[in-house]
Amino acid sequence: MDRNNILGFILIFAILAGSFYFLKPSQDEIKKEQQLQDSISRAKNGQQPLADSLKIAQATPTVPDSVLLTQPFGASSVGTEQNIVLENERLIVQLSSKGGRVKKVELKGETNFDGSKLVLFDGDNNRFGLEFNVPGKAVKTNDLYFQPQGQGFTVAGSEAKSVTLRLNYAADKYIDYIYTLAGNDYNLKLDVKAVGMKDVMDVKSQSMLLNWQTTLLQKERNVKSEREKSALYYRDVEGDVDHLSETSDDDEKLEKSLNWIAFKQHFFSTVLTSKEGLNNANLKSTFMTEDGYVKTYQATAELPLATAADSQYGFSFFFGPNKYKTLKAEGNGFDKIINMGWGPMSWINKFITVPIFDFLDGFNMNYGIVILILTLFLKLIMFPLTYKSYQSMGKMRVLKPQLDEIKAKVGDDNPMLLQQEQMKLYKQAGVNPLGGCLPLLLQMPFTLAFFFFFPNLFELRGESFLWVKDLSTYDAPITFPSLFGFIDHISLMCVLMTITTLLTTWYNNATTAGANNQMKYIGYFMPLIFFFVLNSFPAGLNYYYFLSAVLTFLTQVLIRQFVNDDKILAKIEEKKKKPASDKKSSFQTKMEEMMRAQQAAQQNKNKK
């Protein structure tokens, strides 16, 4: 099997695998179809649409009962919501007296794709509270009214201030939420003190339940990509980090105690850290198909009750960007919520790409220039492998006439003898038929590593270059009504990348004598397939692939000027005249073993 056939099988497999993965129905499309079928079914049965029935249910008012005031926490069951605003250089946090929860978080200096203020969540899109039983009642603090024990504040620099929200049961029995915010920080500290509550709770209670739920609001232009790059992450007390599915609804019940839970959106996250640990956690992630929404996350966990009358729990909220440098500085494994790829690709991004990118970023250049320099640098590192690859391809090219002679002499009826004669020629000429493939395969992890690096690179968000307004999403100078449900725009950067790749393919075919016709067609077919795959990917990624294709083409043209086929052929002929060495390469040894095994199997078959 020659190099072209091997490459052909690899490329065909890549095309089929890519087609199945990228062209499958998205979770959004499946949900929309299910909602449509449910609505049709309800209409046939004479029922109202589900959305209307929910509106009717929500519109039904709850009438306060005087008996309610005599129940546990009865006085806290009614009240007027008060909002307390805490502010520093990075955050504007709004607390609500109803539930004592964080109601709204705005990140300063950041905007949504449409230019509006970036709000992580607002109103009932974030619910946070404790749940426990007292005799005769199940208590949910998220529905009760806390009493603020102070006012809102603004802090800066190293200054830090606190405010307390208290949920009263009695004068000596209450729950305090103590929020502390320091200047120039993404973290909001929360200390929960349950004073005298051990005597109030049901005697069977050994823990309280923490219930946290958030609905993510759309912040990026490509909401489909935003949904698929958002996931619920968690870290257990042993330091292992994992996450629920990014591309489908998912839930998981965990036995190990957790150190933190992260409600990750594409470029921003809310991370809840617990000092005491979160036990028996139940995590759930649900796709949302409504316009303006991304996903809903829910996490419940048990908080053990202290043996004494009072219990105290230490929490911290991180509200900030998924910027690798920022998360790395936070420590506690926060940086692992950024998907840098797996295996070698992750190592390449963490230990090569990120340091180089951070170094270039320190010069405050436009990110288009940074990507250009990064691409040039990596191509320079890869040049020895590229040159070796073209040398091997040149040797195979000059041997093509001799290989054709062998094929004509032996014929196609005896593939075993044909392989043996070809291997004999390779051995005499000192040529490895896979010599041109291996250097290219060694470069593949670098190419794939950027497939993870650029789509998750926070620094590109909102950054413009040439006609591209935002390098973190696709550029769309041409838009039109959706075709076949998956394409509604043309990315110019992706078009340039595709054209350059096709040009490189044409040049390779034109300079490779007797190239396999099937390989020619596949070479032209693949860039067209990947155009539809990458059309909705970030312009920064397509810009890198465009630059890489241009530099590859220029490198090929340059090397072609120095790789002289006549000189290569002369060296091969000279080598063939020398006495054959008994030493064999590992490749030749394996190939001969395979041929002997195949020959033995064929002989056994003929005997039968």
# chains A, B, ... in the order shown; residues from 1 in each chain; ligands from 1
call {"tool": "residues_around", "arguments": {"residues": "Lys173 (chain A)", "least_positions_apart": "4", "cutoff": "12 Å", "atoms": "only C-alpha atoms", "output": "number ranges by chain"}}
result
A: 72-73, 166-169, 193-201, 309-311
call {"tool": "write_last_selection", "arguments": {"atoms": "N, CA and C atoms", "output": "mmCIF file, in the first residue's frame"}}
result
data_model
loop_
_atom_site.group_PDB
_atom_site.id
_atom_site.type_symbol
_atom_site.label_atom_id
_atom_site.label_comp_id
_atom_site.auth_asym_id
_atom_site.auth_seq_id
_atom_site.Cartn_x
_atom_site.Cartn_y
_atom_site.Cartn_z
ATOM 1 N N PRO A 72 -43.785 28.531 61.633
ATOM 2 C CA PRO A 72 -42.344 28.823 61.690
ATOM 3 C C PRO A 72 -41.920 29.724 60.533
ATOM 4 N N PHE A 73 -41.135 30.734 60.835
ATOM 5 C CA PHE A 73 -40.697 31.734 59.851
ATOM 6 C C PHE A 73 -41.892 32.441 59.210
ATOM 7 N N ARG A 166 -30.342 39.032 57.419
ATOM 8 C CA ARG A 166 -30.728 38.101 58.482
ATOM 9 C C ARG A 166 -32.137 37.568 58.266
ATOM 10 N N LEU A 167 -32.272 36.250 58.413
ATOM 11 C CA LEU A 167 -33.568 35.582 58.372
ATOM 12 C C LEU A 167 -33.919 35.195 59.804
ATOM 13 N N ASN A 168 -34.944 35.851 60.353
ATOM 14 C CA ASN A 168 -35.276 35.682 61.768
ATOM 15 C C ASN A 168 -36.274 34.557 61.996
ATOM 16 N N TYR A 169 -35.974 33.746 63.018
ATOM 17 C CA TYR A 169 -36.937 32.782 63.539
ATOM 18 C C TYR A 169 -37.388 33.234 64.925
ATOM 19 N N LYS A 193 -24.258 31.782 58.675
ATOM 20 C CA LYS A 193 -24.272 31.411 60.091
ATOM 21 C C LYS A 193 -25.690 31.036 60.490
ATOM 22 N N ALA A 194 -25.859 29.803 60.929
ATOM 23 C CA ALA A 194 -27.154 29.338 61.429
ATOM 24 C C ALA A 194 -27.067 29.300 62.951
ATOM 25 N N VAL A 195 -27.612 30.327 63.588
ATOM 26 C CA VAL A 195 -27.490 30.495 65.037
ATOM 27 C C VAL A 195 -28.726 29.913 65.723
ATOM 28 N N GLY A 196 -28.502 28.919 66.609
ATOM 29 C CA GLY A 196 -29.595 28.308 67.376
ATOM 30 C C GLY A 196 -30.538 27.464 66.539
ATOM 31 N N MET A 197 -30.214 27.200 65.304
ATOM 32 C CA MET A 197 -31.135 26.495 64.419
ATOM 33 C C MET A 197 -31.136 24.983 64.650
ATOM 34 N N LYS A 198 -30.135 24.458 65.323
ATOM 35 C CA LYS A 198 -30.091 23.024 65.590
ATOM 36 C C LYS A 198 -31.307 22.601 66.407
ATOM 37 N N ASP A 199 -31.728 23.479 67.356
ATOM 38 C CA ASP A 199 -32.867 23.155 68.221
ATOM 39 C C ASP A 199 -34.199 23.322 67.504
ATOM 40 N N VAL A 200 -34.197 24.064 66.420
ATOM 41 C CA VAL A 200 -35.434 24.351 65.699
ATOM 42 C C VAL A 200 -35.746 23.263 64.670
ATOM 43 N N MET A 201 -34.728 22.742 64.056
ATOM 44 C CA MET A 201 -34.924 21.797 62.961
ATOM 45 C C MET A 201 -35.444 20.456 63.451
ATOM 46 N N ALA A 309 -25.224 23.997 68.762
ATOM 47 C CA ALA A 309 -26.456 24.692 68.386
ATOM 48 C C ALA A 309 -26.268 25.547 67.150
ATOM 49 N N ASP A 310 -25.041 26.020 66.910
ATOM 50 C CA ASP A 310 -24.765 26.898 65.780
ATOM 51 C C ASP A 310 -23.960 26.165 64.692
ATOM 52 N N SER A 311 -24.220 26.531 63.444
ATOM 53 C CA SER A 311 -23.468 26.002 62.307
ATOM 54 C C SER A 311 -22.975 27.165 61.471
#
call {"tool": "residues_around", "arguments": {"residues": "region 463-475 of chain A", "least_positions_apart": "2", "cutoff": "7 Å", "atoms": "only C-alpha atoms", "output": "NGL selection string"}}
result
:A and (222 or 368 or 455 or 460-461 or 477 or 491-492 or 536-540)
call {"tool": "write_last_selection", "arguments": {"atoms": "N, CA and C atoms", "output": "short mmCIF file (atom, residue, chain, number, x, y, z; two decimals), in the first residue's frame"}}
result
data_model
loop_
_atom_site.label_atom_id
_atom_site.label_comp_id
_atom_site.auth_asym_id
_atom_site.auth_seq_id
_atom_site.Cartn_x
_atom_site.Cartn_y
_atom_site.Cartn_z
N ASN A 222 -23.22 34.15 18.27
CA ASN A 222 -23.55 32.80 17.83
C ASN A 222 -24.06 32.01 19.04
N GLY A 368 -4.90 40.55 15.41
CA GLY A 368 -4.64 40.01 14.08
C GLY A 368 -3.16 39.89 13.82
N PRO A 455 -11.20 29.10 19.61
CA PRO A 455 -12.61 29.26 19.98
C PRO A 455 -12.82 29.55 21.46
N LEU A 460 -9.79 37.37 22.34
CA LEU A 460 -10.28 37.74 21.01
C LEU A 460 -11.69 38.34 21.06
N ARG A 461 -12.37 38.20 22.19
CA ARG A 461 -13.76 38.64 22.29
C ARG A 461 -13.88 40.15 22.10
N PRO A 477 -20.09 39.04 6.23
CA PRO A 477 -20.41 40.14 5.31
C PRO A 477 -21.58 39.81 4.40
N SER A 491 -18.86 33.30 5.65
CA SER A 491 -17.72 33.91 6.33
C SER A 491 -16.61 34.16 5.31
N LEU A 492 -16.24 35.42 5.12
CA LEU A 492 -15.21 35.77 4.14
C LEU A 492 -13.86 35.17 4.54
N SER A 536 -19.12 28.71 10.52
CA SER A 536 -19.67 29.36 11.73
C SER A 536 -18.68 29.37 12.89
N PHE A 537 -17.44 28.99 12.63
CA PHE A 537 -16.43 29.03 13.68
C PHE A 537 -15.83 30.44 13.77
N PRO A 538 -15.14 30.75 14.87
CA PRO A 538 -14.60 32.09 15.06
C PRO A 538 -13.70 32.54 13.92
N ALA A 539 -13.79 33.82 13.57
CA ALA A 539 -12.95 34.37 12.51
C ALA A 539 -11.48 34.26 12.87
N GLY A 540 -11.15 34.31 14.17
CA GLY A 540 -9.76 34.16 14.59
C GLY A 540 -9.19 32.82 14.21
#
call {"tool": "residues_around", "arguments": {"residues": "Gly100 (chain A)", "least_positions_apart": "2", "cutoff": "7 Å", "atoms": "only C-alpha atoms", "output": "list in words"}}
result
Leu95, Ser96, Ser97, Lys98, Phe146, Leu165 and Tyr177 of chain A
call {"tool": "write_last_selection", "arguments": {"atoms": "N, CA and C atoms", "output": "compact mmCIF listing (two decimals), in the first residue's frame"}}
result
# COMPACT_ATOMS: atom_id res chain seq x y z
N LEU A 95 -27.91 42.55 45.71
CA LEU A 95 -28.47 41.53 46.60
C LEU A 95 -29.95 41.81 46.81
N SER A 96 -30.72 40.77 47.01
CA SER A 96 -32.15 40.91 47.25
C SER A 96 -32.48 40.43 48.66
N SER A 97 -33.33 41.18 49.34
CA SER A 97 -33.76 40.75 50.67
C SER A 97 -34.65 39.52 50.57
N LYS A 98 -35.29 39.31 49.42
CA LYS A 98 -36.09 38.10 49.23
C LYS A 98 -35.15 36.95 48.87
N PHE A 146 -35.42 38.27 54.07
CA PHE A 146 -34.36 38.58 55.03
C PHE A 146 -34.43 40.06 55.39
N LEU A 165 -27.45 40.04 55.82
CA LEU A 165 -28.89 39.86 55.63
C LEU A 165 -29.33 38.75 56.58
N TYR A 177 -26.71 35.73 56.36
CA TYR A 177 -25.90 35.70 55.14
C TYR A 177 -24.99 36.93 55.20
call {"tool": "closest_atom_pairs", "arguments": {"of": "region 355-403 of chain A", "to": "region 417-426 of chain A", "cutoff": "12 Å", "atoms": "only C-alpha atoms", "output": "CSV"}}
result
residue,atom,partner,partner_atom,distance
A:Ser392,CA,A:Tyr426,CA,11.7
A:Lys395,CA,A:Tyr426,CA,9.9
A:Met396,CA,A:Tyr426,CA,9.1
A:Val398,CA,A:Tyr426,CA,11.9
A:Leu399,CA,A:Leu425,CA,8.8
A:Lys400,CA,A:Gln422,CA,10.7
A:Pro401,CA,A:Leu425,CA,11.8
A:Gln402,CA,A:Leu425,CA,8.5
A:Leu403,CA,A:Gln422,CA,6.7
call {"tool": "write_last_selection", "arguments": {"atoms": "N, CA, C and O atoms", "output": "PDB file, in the first residue's frame"}}
result
ATOM      1  N   SER A 392      11.254  13.468   1.209  1.00  0.00           N
ATOM      2  CA  SER A 392      10.753  12.102   1.052  1.00  0.00           C
ATOM      3  C   SER A 392       9.763  12.013  -0.098  1.00  0.00           C
ATOM      4  O   SER A 392       9.776  11.051  -0.875  1.00  0.00           O
ATOM      5  N   LYS A 395      11.689  11.936  -3.327  1.00  0.00           N
ATOM      6  CA  LYS A 395      12.245  10.622  -3.630  1.00  0.00           C
ATOM      7  C   LYS A 395      11.173   9.703  -4.212  1.00  0.00           C
ATOM      8  O   LYS A 395      11.419   8.964  -5.167  1.00  0.00           O
ATOM      9  N   MET A 396       9.984   9.743  -3.626  1.00  0.00           N
ATOM     10  CA  MET A 396       8.890   8.917  -4.136  1.00  0.00           C
ATOM     11  C   MET A 396       8.490   9.365  -5.540  1.00  0.00           C
ATOM     12  O   MET A 396       8.126   8.536  -6.388  1.00  0.00           O
ATOM     13  N   VAL A 398      10.462  10.697  -7.909  1.00  0.00           N
ATOM     14  CA  VAL A 398      11.411  10.263  -8.943  1.00  0.00           C
ATOM     15  C   VAL A 398      11.401   8.742  -9.113  1.00  0.00           C
ATOM     16  O   VAL A 398      11.839   8.215 -10.141  1.00  0.00           O
ATOM     17  N   LEU A 399      10.931   8.012  -8.104  1.00  0.00           N
ATOM     18  CA  LEU A 399      10.822   6.561  -8.215  1.00  0.00           C
ATOM     19  C   LEU A 399       9.547   6.123  -8.918  1.00  0.00           C
ATOM     20  O   LEU A 399       9.385   4.938  -9.227  1.00  0.00           O
ATOM     21  N   LYS A 400       8.630   7.060  -9.167  1.00  0.00           N
ATOM     22  CA  LYS A 400       7.336   6.718  -9.745  1.00  0.00           C
ATOM     23  C   LYS A 400       7.469   5.965 -11.077  1.00  0.00           C
ATOM     24  O   LYS A 400       6.784   4.939 -11.262  1.00  0.00           O
ATOM     25  N   PRO A 401       8.306   6.406 -12.001  1.00  0.00           N
ATOM     26  CA  PRO A 401       8.431   5.639 -13.263  1.00  0.00           C
ATOM     27  C   PRO A 401       8.888   4.201 -13.033  1.00  0.00           C
ATOM     28  O   PRO A 401       8.405   3.278 -13.702  1.00  0.00           O
ATOM     29  N   GLN A 402       9.822   4.000 -12.101  1.00  0.00           N
ATOM     30  CA  GLN A 402      10.312   2.643 -11.843  1.00  0.00           C
ATOM     31  C   GLN A 402       9.237   1.789 -11.176  1.00  0.00           C
ATOM     32  O   GLN A 402       9.123   0.589 -11.443  1.00  0.00           O
ATOM     33  N   LEU A 403       8.443   2.413 -10.300  1.00  0.00           N
ATOM     34  CA  LEU A 403       7.342   1.687  -9.679  1.00  0.00           C
ATOM     35  C   LEU A 403       6.290   1.290 -10.713  1.00  0.00           C
ATOM     36  O   LEU A 403       5.719   0.195 -10.648  1.00  0.00           O
TER      37      LEU A 403
END
call {"tool": "atom_distance", "arguments": {"atom1": "CA of Met444 (chain A)", "atom2": "CA of Cys494 (chain A)"}}
result
19.8 Å
call {"tool": "select_by_dssp", "arguments": {"residues": "region 259-458 of chain A", "states": "strand (DSSP E or B)", "output": "PyMOL selection string"}}
result
chain A and resi 259-264+268-287+293-304+311-321
call {"tool": "write_last_selection", "arguments": {"atoms": "N, CA and C atoms", "output": "compact mmCIF listing (two decimals), in the first residue's frame"}}
result
# COMPACT_ATOMS: atom_id res chain seq x y z
N ASN A 259 -15.42 20.40 46.04
CA ASN A 259 -14.76 21.62 46.49
C ASN A 259 -15.40 22.85 45.86
N TRP A 260 -15.74 22.75 44.56
CA TRP A 260 -16.44 23.85 43.91
C TRP A 260 -17.30 23.37 42.76
N ILE A 261 -18.28 24.20 42.40
CA ILE A 261 -19.16 23.96 41.27
C ILE A 261 -19.12 25.23 40.41
N ALA A 262 -18.93 25.04 39.10
CA ALA A 262 -18.84 26.18 38.18
C ALA A 262 -19.97 26.12 37.17
N PHE A 263 -20.76 27.20 37.12
CA PHE A 263 -21.76 27.37 36.08
C PHE A 263 -21.08 28.14 34.95
N LYS A 264 -20.49 27.37 34.03
CA LYS A 264 -19.67 27.98 32.99
C LYS A 264 -20.50 28.33 31.76
N PHE A 268 -17.72 33.42 30.18
CA PHE A 268 -17.87 33.90 31.56
C PHE A 268 -18.36 32.76 32.44
N SER A 269 -18.03 32.85 33.74
CA SER A 269 -18.43 31.79 34.66
C SER A 269 -18.80 32.34 36.01
N THR A 270 -19.66 31.59 36.70
CA THR A 270 -19.95 31.80 38.12
C THR A 270 -19.53 30.53 38.84
N VAL A 271 -18.58 30.67 39.76
CA VAL A 271 -18.04 29.51 40.47
C VAL A 271 -18.34 29.66 41.96
N LEU A 272 -18.95 28.62 42.53
CA LEU A 272 -19.24 28.59 43.96
C LEU A 272 -18.26 27.64 44.63
N THR A 273 -17.45 28.19 45.56
CA THR A 273 -16.48 27.39 46.30
C THR A 273 -16.95 27.24 47.74
N SER A 274 -16.77 26.04 48.29
CA SER A 274 -17.18 25.75 49.66
C SER A 274 -15.99 25.31 50.49
N LYS A 275 -15.83 25.90 51.66
CA LYS A 275 -14.73 25.51 52.55
C LYS A 275 -14.97 24.13 53.15
N GLU A 276 -16.23 23.87 53.53
CA GLU A 276 -16.56 22.62 54.21
C GLU A 276 -16.79 21.46 53.25
N GLY A 277 -17.06 21.76 51.99
CA GLY A 277 -17.34 20.72 51.03
C GLY A 277 -18.84 20.57 50.79
N LEU A 278 -19.19 20.18 49.60
CA LEU A 278 -20.58 19.99 49.19
C LEU A 278 -20.81 18.49 49.02
N ASN A 279 -21.67 17.92 49.86
CA ASN A 279 -21.84 16.47 49.90
C ASN A 279 -23.05 16.01 49.08
N ASN A 280 -22.94 14.79 48.52
CA ASN A 280 -24.05 14.15 47.80
C ASN A 280 -24.68 15.11 46.79
N ALA A 281 -23.86 15.70 45.98
CA ALA A 281 -24.35 16.71 45.03
C ALA A 281 -25.12 16.08 43.89
N ASN A 282 -26.20 16.75 43.49
CA ASN A 282 -26.95 16.40 42.29
C ASN A 282 -26.82 17.57 41.32
N LEU A 283 -26.30 17.30 40.13
CA LEU A 283 -26.05 18.35 39.14
C LEU A 283 -26.89 18.09 37.90
N LYS A 284 -27.38 19.17 37.31
CA LYS A 284 -28.23 19.04 36.12
C LYS A 284 -28.00 20.21 35.18
N SER A 285 -27.92 19.90 33.90
CA SER A 285 -27.74 20.91 32.86
C SER A 285 -28.80 20.70 31.79
N THR A 286 -29.50 21.77 31.41
CA THR A 286 -30.60 21.67 30.45
C THR A 286 -30.45 22.72 29.36
N PHE A 287 -30.48 22.29 28.10
CA PHE A 287 -30.46 23.22 26.97
C PHE A 287 -31.74 24.05 26.96
N TYR A 293 -31.70 32.99 25.60
CA TYR A 293 -31.28 32.13 26.70
C TYR A 293 -30.36 31.03 26.19
N VAL A 294 -29.50 30.55 27.09
CA VAL A 294 -28.48 29.56 26.70
C VAL A 294 -28.76 28.20 27.34
N LYS A 295 -28.65 28.13 28.64
CA LYS A 295 -28.87 26.89 29.39
C LYS A 295 -29.38 27.20 30.78
N THR A 296 -29.92 26.16 31.42
CA THR A 296 -30.28 26.23 32.84
C THR A 296 -29.43 25.22 33.59
N TYR A 297 -28.78 25.68 34.66
CA TYR A 297 -27.99 24.80 35.51
C TYR A 297 -28.68 24.69 36.88
N GLN A 298 -28.59 23.52 37.46
CA GLN A 298 -29.09 23.34 38.82
C GLN A 298 -28.15 22.44 39.59
N ALA A 299 -27.88 22.84 40.84
CA ALA A 299 -27.01 22.05 41.70
C ALA A 299 -27.62 22.00 43.10
N THR A 300 -27.75 20.82 43.64
CA THR A 300 -28.16 20.66 45.04
C THR A 300 -27.09 19.87 45.76
N ALA A 301 -26.87 20.20 47.03
CA ALA A 301 -25.85 19.50 47.82
C ALA A 301 -26.21 19.60 49.29
N GLU A 302 -25.73 18.65 50.06
CA GLU A 302 -26.01 18.63 51.49
C GLU A 302 -24.91 19.34 52.26
N LEU A 303 -25.35 20.13 53.27
CA LEU A 303 -24.42 20.80 54.18
C LEU A 303 -24.61 20.18 55.55
N PRO A 304 -23.59 19.52 56.11
CA PRO A 304 -23.76 18.85 57.40
C PRO A 304 -24.02 19.84 58.53
N SER A 311 -24.22 26.53 63.44
CA SER A 311 -23.47 26.00 62.31
C SER A 311 -22.97 27.17 61.47
N GLN A 312 -21.82 26.99 60.86
CA GLN A 312 -21.26 28.05 60.01
C GLN A 312 -20.67 27.42 58.76
N TYR A 313 -20.91 28.10 57.63
CA TYR A 313 -20.43 27.61 56.33
C TYR A 313 -19.78 28.77 55.58
N GLY A 314 -18.63 28.46 55.00
CA GLY A 314 -17.90 29.48 54.24
C GLY A 314 -17.97 29.22 52.75
N PHE A 315 -18.47 30.22 52.01
CA PHE A 315 -18.58 30.12 50.55
C PHE A 315 -17.89 31.31 49.90
N SER A 316 -17.64 31.17 48.61
CA SER A 316 -17.13 32.29 47.83
C SER A 316 -17.65 32.15 46.41
N PHE A 317 -18.17 33.25 45.86
CA PHE A 317 -18.60 33.30 44.47
C PHE A 317 -17.53 33.98 43.63
N PHE A 318 -17.18 33.36 42.52
CA PHE A 318 -16.34 34.01 41.51
C PHE A 318 -17.23 34.39 40.34
N PHE A 319 -17.29 35.68 40.03
CA PHE A 319 -18.03 36.18 38.87
C PHE A 319 -17.02 36.81 37.92
N GLY A 320 -16.66 36.12 36.85
CA GLY A 320 -15.63 36.70 36.01
C GLY A 320 -15.48 36.04 34.66
N PRO A 321 -14.47 36.50 33.90
CA PRO A 321 -14.24 36.00 32.54
C PRO A 321 -13.49 34.67 32.54
call {"tool": "select_by_dssp", "arguments": {"residues": "region 30-259 of chain A", "states": "alpha helix (DSSP H)", "output": "number ranges by chain"}}
result
A: 30-44, 50-59, 223-228
call {"tool": "atom_distance", "arguments": {"atom1": "CA of Phe525 (chain A)", "atom2": "CA of Ser346 (chain A)"}}
result
29.4 Å
call {"tool": "closest_residue", "arguments": {"among": "A:Ser482, A:Asp114, A:Ser230, A:Ile338", "to": "Leu244 (chain A)", "atoms": "only C-alpha atoms"}}
result
A:Ser230
call {"tool": "closest_residue", "arguments": {"among": "A:Tyr545, A:Phe454, A:Phe532, A:Phe486", "to": "Thr375 (chain A)", "atoms": "only C-alpha atoms"}}
result
A:Tyr545
call {"tool": "decode", "arguments": {"residues": "region 213-231 of chain A", "atoms": "N, CA and C atoms", "output": "mmCIF file, in the first residue's frame"}}
result
data_model
loop_
_atom_site.group_PDB
_atom_site.id
_atom_site.type_symbol
_atom_site.label_atom_id
_atom_site.label_comp_id
_atom_site.auth_asym_id
_atom_site.auth_seq_id
_atom_site.Cartn_x
_atom_site.Cartn_y
_atom_site.Cartn_z
ATOM 1 N N GLN A 213 -29.717 27.441 41.436
ATOM 2 C CA GLN A 213 -30.173 27.299 40.051
ATOM 3 C C GLN A 213 -29.980 28.618 39.312
ATOM 4 N N THR A 214 -29.446 28.532 38.098
ATOM 5 C CA THR A 214 -29.190 29.737 37.288
ATOM 6 C C THR A 214 -29.580 29.487 35.844
ATOM 7 N N THR A 215 -30.210 30.484 35.240
ATOM 8 C CA THR A 215 -30.505 30.470 33.808
ATOM 9 C C THR A 215 -29.547 31.440 33.120
ATOM 10 N N LEU A 216 -28.792 30.944 32.164
ATOM 11 C CA LEU A 216 -27.786 31.757 31.481
ATOM 12 C C LEU A 216 -28.428 32.585 30.379
ATOM 13 N N LEU A 217 -28.062 33.859 30.320
ATOM 14 C CA LEU A 217 -28.553 34.765 29.293
ATOM 15 C C LEU A 217 -27.564 34.837 28.139
ATOM 16 N N GLN A 218 -28.072 34.987 26.929
ATOM 17 C CA GLN A 218 -27.203 35.058 25.749
ATOM 18 C C GLN A 218 -26.289 36.272 25.812
ATOM 19 N N LYS A 219 -25.017 36.046 25.510
ATOM 20 C CA LYS A 219 -24.039 37.140 25.523
ATOM 21 C C LYS A 219 -23.238 37.223 24.228
ATOM 22 N N GLU A 220 -23.260 36.134 23.436
ATOM 23 C CA GLU A 220 -22.471 36.086 22.216
ATOM 24 C C GLU A 220 -23.378 36.075 20.989
ATOM 25 N N ARG A 221 -22.815 36.454 19.855
ATOM 26 C CA ARG A 221 -23.583 36.513 18.614
ATOM 27 C C ARG A 221 -24.081 35.139 18.181
ATOM 28 N N ASN A 222 -23.216 34.154 18.266
ATOM 29 C CA ASN A 222 -23.552 32.795 17.834
ATOM 30 C C ASN A 222 -24.061 32.015 19.045
ATOM 31 N N VAL A 223 -25.374 32.070 19.275
ATOM 32 C CA VAL A 223 -25.936 31.435 20.471
ATOM 33 C C VAL A 223 -25.816 29.914 20.394
ATOM 34 N N LYS A 224 -25.846 29.349 19.203
ATOM 35 C CA LYS A 224 -25.690 27.899 19.064
ATOM 36 C C LYS A 224 -24.323 27.463 19.569
ATOM 37 N N SER A 225 -23.287 28.176 19.156
ATOM 38 C CA SER A 225 -21.943 27.870 19.623
ATOM 39 C C SER A 225 -21.814 28.143 21.119
ATOM 40 N N GLU A 226 -22.471 29.204 21.602
ATOM 41 C CA GLU A 226 -22.415 29.548 23.022
ATOM 42 C C GLU A 226 -23.007 28.424 23.868
ATOM 43 N N ARG A 227 -24.109 27.851 23.397
ATOM 44 C CA ARG A 227 -24.725 26.731 24.123
ATOM 45 C C ARG A 227 -23.810 25.511 24.152
ATOM 46 N N GLU A 228 -23.153 25.259 23.028
ATOM 47 C CA GLU A 228 -22.322 24.059 22.927
ATOM 48 C C GLU A 228 -20.978 24.208 23.619
ATOM 49 N N LYS A 229 -20.623 25.420 24.009
ATOM 50 C CA LYS A 229 -19.358 25.643 24.718
ATOM 51 C C LYS A 229 -19.595 26.045 26.168
ATOM 52 N N SER A 230 -20.812 25.866 26.636
ATOM 53 C CA SER A 230 -21.149 26.120 28.039
ATOM 54 C C SER A 230 -21.386 24.783 28.717
ATOM 55 N N ALA A 231 -20.883 24.642 29.924
ATOM 56 C CA ALA A 231 -21.030 23.362 30.633
ATOM 57 C C ALA A 231 -20.913 23.579 32.130
#
